[in-house]
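S.K.: Please read through the structure below; I'll follow up with questions.
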Amino acid sequence: MPTTKDREKRQSIIDACLRMNASGINQGTSGNISLRHGDGMLITPTSTPYEVMKPEQIVYMHLDGNHDPGQRPSSEWRFHRDILKARPEVNAIVHAHPPYSTMLAIMGREIPPVHYMVAVAGGDTIRCAPYATFGTQELSEHAVRALEGRLACLLEHHGMIAIGSSLPKAMWLAVEVETLARQYHGCLQIGTPPLLSKEEIEKVRLRMAGYGHTEE
Ligand code: 13P
């Protein structure tokens with residue numbers, strides 16, 4: 001029997017999904033969201049429109065992949081599970097197909113340090129993980145590697161992942177990454193954008209410690 005707190009957590013995932021589509025960083029049911037919960041995670045069900053998603057449809061999955069067989073977790077549960085396993089400091093994962101991030105990902109491009117805000121994802125680039133079929137263990141391994149030391153990555157021919165210690169933080173970062181992708185895309189129309197140095201990004205990263213969404 002889910003507790004009220006459980007229900008609130010499940011509802012916060014649905015609310016974030018609705019915001020994800022309203023803000024334009026996702027379309028339809030292309031995205032998925034998970035939250036660490038006890039020894040496992042709460043994750044969105046597969047291919048379910050967010051407008052009709054009910055808290056009880058959010059799937060509780062143990063980190064070994066076990067879940068109520070009557071429920072249908074997101075097809076991307078492997079990378080959600082593997083990121084939570086690999087990154088104890090991470091509690092929330094947002095995956096979406098934002099238009100500009102996905103355009104860059106289709107071209108297999110990472111986001112270089114065109115703007116100092118690249119540092120919010122933890123380094124001097126936002127890497128693009130190599131392509132693998134959606135929902136596979138191979139894609140999960142590529143994603144975990146691309147996120148090493150980082151809080152966001154692109155997925156080649158696919159989309160983007162943003163992670164954080166809380167759902168508001170991961171959502172905030174997802175919007176920031178899409179903004180950076182849009183800026184980079186715009187610059188590419190004009191020419192080859194000049195880049196900030198690795199040293200400058202590191203300076204910004206240290207200065208920004210604690211910057212970003214603070215709401216837990
Ligand atoms: P789900 O509806 O299974 O979460 O899949 C959407 C998706 O993003 C696949 O990459």
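Within each chain, counting starts at residue 1; across the structure tokens, chains are named A, B, ... in the order shown, with ligands numbered 1 upward in that order.
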Within 6 Å of ligand 1, which residues of chain A come that close, and what is the closest atom pair and distance in Å for each? Count only C-alpha atoms and all ligand atoms and give it as JSON lines.
M.R.:
```
{"residue": "A:Thr29", "atom": "CA", "partner": "ligand 1", "partner_atom_place_in_ligand_line": "2 (O)", "distance": 5.3}
{"residue": "A:Ser30", "atom": "CA", "partner": "ligand 1", "partner_atom_place_in_ligand_line": "6 (C)", "distance": 4.1}
{"residue": "A:Gly31", "atom": "CA", "partner": "ligand 1", "partner_atom_place_in_ligand_line": "8 (O)", "distance": 4.3}
{"residue": "A:Asn32", "atom": "CA", "partner": "ligand 1", "partner_atom_place_in_ligand_line": "4 (O)", "distance": 4.6}
{"residue": "A:Thr46", "atom": "CA", "partner": "ligand 1", "partner_atom_place_in_ligand_line": "3 (O)", "distance": 3.6}
{"residue": "A:Ser47", "atom": "CA", "partner": "ligand 1", "partner_atom_place_in_ligand_line": "2 (O)", "distance": 3.5}
{"residue": "A:Ser74", "atom": "CA", "partner": "ligand 1", "partner_atom_place_in_ligand_line": "3 (O)", "distance": 3.7}
{"residue": "A:Ser75", "atom": "CA", "partner": "ligand 1", "partner_atom_place_in_ligand_line": "3 (O)", "distance": 3.6}
{"residue": "A:Glu76", "atom": "CA", "partner": "ligand 1", "partner_atom_place_in_ligand_line": "4 (O)", "distance": 5.8}
{"residue": "A:Phe134", "atom": "CA", "partner": "ligand 1", "partner_atom_place_in_ligand_line": "10 (O)", "distance": 5.1}
```
S.K.: Write out as a list in words the residues lying within 12 Å of Pro88 (chain A), counting only C-alpha atoms and excluding same-chain residues fewer than 2 positions away.
M.R.: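 In the requested format, the answer is Arg36, Asp39, Gly40, Arg81, Asp82, Ile83, Leu84, Lys85, Ala86, Val90, Asn91, Ala92, Ile163, Gly164 and Ser165 of chain A.
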S.K.: So which residues of region 73-122 of chain A fall under strand (DSSP E or B) by DSSP, listed as a ChimeraX atom specification?
M.R.: /A:73,92-96,111
S.K.: Hey, can you spit out that residue selection with N, CA, C and O atoms as a PDB file, in the first residue's frame?
M.R.:
```
ATOM      1  N   PRO A  73       7.649  -0.736 -17.018  1.00  0.00           N
ATOM      2  CA  PRO A  73       8.564   0.398 -16.845  1.00  0.00           C
ATOM      3  C   PRO A  73       9.028   0.963 -18.189  1.00  0.00           C
ATOM      4  O   PRO A  73       8.954   0.267 -19.209  1.00  0.00           O
ATOM      5  N   ALA A  92      18.036  11.807  -9.245  1.00  0.00           N
ATOM      6  CA  ALA A  92      17.006  12.054 -10.259  1.00  0.00           C
ATOM      7  C   ALA A  92      17.617  12.028 -11.656  1.00  0.00           C
ATOM      8  O   ALA A  92      18.733  12.528 -11.867  1.00  0.00           O
ATOM      9  N   ILE A  93      16.880  11.430 -12.583  1.00  0.00           N
ATOM     10  CA  ILE A  93      17.347  11.317 -13.975  1.00  0.00           C
ATOM     11  C   ILE A  93      16.223  11.752 -14.908  1.00  0.00           C
ATOM     12  O   ILE A  93      15.089  11.278 -14.790  1.00  0.00           O
ATOM     13  N   VAL A  94      16.562  12.671 -15.805  1.00  0.00           N
ATOM     14  CA  VAL A  94      15.598  13.165 -16.791  1.00  0.00           C
ATOM     15  C   VAL A  94      16.142  12.823 -18.175  1.00  0.00           C
ATOM     16  O   VAL A  94      17.266  13.195 -18.514  1.00  0.00           O
ATOM     17  N   HIS A  95      15.353  12.094 -18.948  1.00  0.00           N
ATOM     18  CA  HIS A  95      15.731  11.811 -20.336  1.00  0.00           C
ATOM     19  C   HIS A  95      14.666  12.404 -21.235  1.00  0.00           C
ATOM     20  O   HIS A  95      13.466  12.221 -20.999  1.00  0.00           O
ATOM     21  N   ALA A  96      15.108  13.155 -22.259  1.00  0.00           N
ATOM     22  CA  ALA A  96      14.166  13.778 -23.183  1.00  0.00           C
ATOM     23  C   ALA A  96      14.781  13.813 -24.579  1.00  0.00           C
ATOM     24  O   ALA A  96      15.968  13.498 -24.748  1.00  0.00           O
ATOM     25  N   ILE A 111      28.651  19.251 -27.086  1.00  0.00           N
ATOM     26  CA  ILE A 111      28.554  20.715 -26.956  1.00  0.00           C
ATOM     27  C   ILE A 111      29.886  21.197 -26.389  1.00  0.00           C
ATOM     28  O   ILE A 111      30.240  20.862 -25.252  1.00  0.00           O
TER      29      ILE A 111
END
```
S.K.: If we count only C-alpha atoms, what is near region 49-63 of chain A at a cut-off of 9 Å, once residues fewer than 5 positions away on the same chain are taken out, given as an NGL selection string?
M.R.: :A and (2 or 6-15 or 17-18 or 21 or 28-29 or 37-44 or 68 or 71-74 or 77 or 81-82 or 84-85)
S.K.: List the neighbours of Leu155 (chain A) out to 12 Å using only C-alpha atoms; skip same-chain residues closer than 3 positions along the sequence, and give me the result as a ChimeraX atom specification.
M.R.: /A:79,95-98,101-111,126-134,138-147,152,158-162
S.K.: Measuring atom to atom with only C-alpha atoms, identify which of A:Thr192, A:Val204, A:Ile25, A:Pro113 is nearest to Glu176 (chain A).
M.R.: A:Ile25
S.K.: Which residues, written as a list in words, have at least one atom at most 9 Å from Val118 (chain A), with only C-alpha atoms counted and residues fewer than 6 positions away on the same chain left out?
M.R.: Ile111, Pro112, Asp124, Thr125, Ile126, Glu176, Val177, Leu180, Ile201 and Arg205 of chain A
S.K.: Could the residues in this selection be written to a file with all heavy atoms, as a PDB file, in the first residue's frame?
M.R.:
```
ATOM      1  N   ILE A 111      28.651  19.251 -27.086  1.00  0.00           N
ATOM      2  CA  ILE A 111      28.554  20.715 -26.956  1.00  0.00           C
ATOM      3  C   ILE A 111      29.886  21.197 -26.389  1.00  0.00           C
ATOM      4  O   ILE A 111      30.240  20.862 -25.252  1.00  0.00           O
ATOM      5  CB  ILE A 111      27.373  21.145 -26.047  1.00  0.00           C
ATOM      6  CG1 ILE A 111      26.059  20.534 -26.559  1.00  0.00           C
ATOM      7  CG2 ILE A 111      27.299  22.675 -25.978  1.00  0.00           C
ATOM      8  CD1 ILE A 111      24.817  20.907 -25.749  1.00  0.00           C
ATOM      9  N   PRO A 112      30.641  21.949 -27.190  1.00  0.00           N
ATOM     10  CA  PRO A 112      31.938  22.427 -26.706  1.00  0.00           C
ATOM     11  C   PRO A 112      31.757  23.669 -25.817  1.00  0.00           C
ATOM     12  O   PRO A 112      30.638  24.180 -25.684  1.00  0.00           O
ATOM     13  CB  PRO A 112      32.667  22.761 -28.017  1.00  0.00           C
ATOM     14  CG  PRO A 112      31.584  23.146 -28.965  1.00  0.00           C
ATOM     15  CD  PRO A 112      30.332  22.409 -28.549  1.00  0.00           C
ATOM     16  N   ASP A 124      34.177  20.758 -19.346  1.00  0.00           N
ATOM     17  CA  ASP A 124      34.338  21.725 -20.434  1.00  0.00           C
ATOM     18  C   ASP A 124      33.596  21.321 -21.716  1.00  0.00           C
ATOM     19  O   ASP A 124      33.639  22.059 -22.702  1.00  0.00           O
ATOM     20  CB  ASP A 124      35.828  21.972 -20.733  1.00  0.00           C
ATOM     21  CG  ASP A 124      36.521  20.725 -21.229  1.00  0.00           C
ATOM     22  OD1 ASP A 124      36.155  19.618 -20.778  1.00  0.00           O
ATOM     23  OD2 ASP A 124      37.426  20.849 -22.077  1.00  0.00           O
ATOM     24  N   THR A 125      32.952  20.163 -21.695  1.00  0.00           N
ATOM     25  CA  THR A 125      32.117  19.759 -22.837  1.00  0.00           C
ATOM     26  C   THR A 125      30.899  19.009 -22.283  1.00  0.00           C
ATOM     27  O   THR A 125      30.938  18.501 -21.171  1.00  0.00           O
ATOM     28  CB  THR A 125      32.851  18.748 -23.770  1.00  0.00           C
ATOM     29  OG1 THR A 125      33.206  17.610 -22.995  1.00  0.00           O
ATOM     30  CG2 THR A 125      34.078  19.353 -24.430  1.00  0.00           C
ATOM     31  N   ILE A 126      29.872  18.958 -23.111  1.00  0.00           N
ATOM     32  CA  ILE A 126      28.764  18.035 -22.802  1.00  0.00           C
ATOM     33  C   ILE A 126      28.898  16.941 -23.856  1.00  0.00           C
ATOM     34  O   ILE A 126      28.684  17.179 -25.051  1.00  0.00           O
ATOM     35  CB  ILE A 126      27.410  18.769 -22.830  1.00  0.00           C
ATOM     36  CG1 ILE A 126      27.408  19.823 -21.708  1.00  0.00           C
ATOM     37  CG2 ILE A 126      26.245  17.775 -22.660  1.00  0.00           C
ATOM     38  CD1 ILE A 126      26.258  20.792 -21.727  1.00  0.00           C
ATOM     39  N   GLU A 176      18.742  23.995 -19.273  1.00  0.00           N
ATOM     40  CA  GLU A 176      20.007  24.698 -19.550  1.00  0.00           C
ATOM     41  C   GLU A 176      20.745  24.055 -20.721  1.00  0.00           C
ATOM     42  O   GLU A 176      21.287  24.751 -21.581  1.00  0.00           O
ATOM     43  CB  GLU A 176      20.927  24.691 -18.317  1.00  0.00           C
ATOM     44  CG  GLU A 176      20.497  25.627 -17.218  1.00  0.00           C
ATOM     45  CD  GLU A 176      20.427  27.086 -17.647  1.00  0.00           C
ATOM     46  OE1 GLU A 176      21.218  27.508 -18.513  1.00  0.00           O
ATOM     47  OE2 GLU A 176      19.562  27.799 -17.126  1.00  0.00           O
ATOM     48  N   VAL A 177      20.806  22.738 -20.725  1.00  0.00           N
ATOM     49  CA  VAL A 177      21.531  22.029 -21.800  1.00  0.00           C
ATOM     50  C   VAL A 177      20.864  22.319 -23.148  1.00  0.00           C
ATOM     51  O   VAL A 177      21.547  22.582 -24.143  1.00  0.00           O
ATOM     52  CB  VAL A 177      21.605  20.503 -21.528  1.00  0.00           C
ATOM     53  CG1 VAL A 177      22.182  19.757 -22.716  1.00  0.00           C
ATOM     54  CG2 VAL A 177      22.444  20.233 -20.282  1.00  0.00           C
ATOM     55  N   LEU A 180      21.860  25.727 -24.263  1.00  0.00           N
ATOM     56  CA  LEU A 180      23.234  25.723 -24.788  1.00  0.00           C
ATOM     57  C   LEU A 180      23.274  25.119 -26.196  1.00  0.00           C
ATOM     58  O   LEU A 180      23.965  25.623 -27.081  1.00  0.00           O
ATOM     59  CB  LEU A 180      24.150  24.917 -23.854  1.00  0.00           C
ATOM     60  CG  LEU A 180      24.506  25.620 -22.541  1.00  0.00           C
ATOM     61  CD1 LEU A 180      25.036  24.611 -21.524  1.00  0.00           C
ATOM     62  CD2 LEU A 180      25.535  26.716 -22.791  1.00  0.00           C
ATOM     63  N   ILE A 201      36.820  27.299 -18.085  1.00  0.00           N
ATOM     64  CA  ILE A 201      35.635  26.528 -17.671  1.00  0.00           C
ATOM     65  C   ILE A 201      35.832  25.986 -16.254  1.00  0.00           C
ATOM     66  O   ILE A 201      34.917  25.989 -15.434  1.00  0.00           O
ATOM     67  CB  ILE A 201      35.319  25.391 -18.684  1.00  0.00           C
ATOM     68  CG1 ILE A 201      34.855  25.979 -20.014  1.00  0.00           C
ATOM     69  CG2 ILE A 201      34.282  24.420 -18.127  1.00  0.00           C
ATOM     70  CD1 ILE A 201      33.488  26.672 -19.997  1.00  0.00           C
ATOM     71  N   ARG A 205      33.521  26.659 -13.149  1.00  0.00           N
ATOM     72  CA  ARG A 205      32.936  25.515 -12.437  1.00  0.00           C
ATOM     73  C   ARG A 205      33.118  25.681 -10.926  1.00  0.00           C
ATOM     74  O   ARG A 205      32.195  25.488 -10.149  1.00  0.00           O
ATOM     75  CB  ARG A 205      33.599  24.222 -12.925  1.00  0.00           C
ATOM     76  CG  ARG A 205      32.726  23.000 -12.777  1.00  0.00           C
ATOM     77  CD  ARG A 205      33.437  21.766 -13.265  1.00  0.00           C
ATOM     78  NE  ARG A 205      34.648  21.490 -12.505  1.00  0.00           N
ATOM     79  CZ  ARG A 205      34.672  20.926 -11.299  1.00  0.00           C
ATOM     80  NH1 ARG A 205      33.554  20.575 -10.711  1.00  0.00           N
ATOM     81  NH2 ARG A 205      35.817  20.711 -10.676  1.00  0.00           N
TER      82      ARG A 205
END
```
S.K.: Taking into account only C-alpha atoms, which residue in the set A:Cys153, A:Gln183, A:Glu148, A:Ile33 is nearest to Arg87 (chain A)?
M.R.: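 Under the stated criterion, the closest residue is A:Glu148.
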S.K.: Nearest residue to Ala16 (chain A) out of A:Tyr116, A:Tyr100, A:Trp172, A:Tyr211, using only C-alpha atoms?
M.R.: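 Of the candidates, the smallest distance to Ala16 (chain A) is held by A:Trp172.
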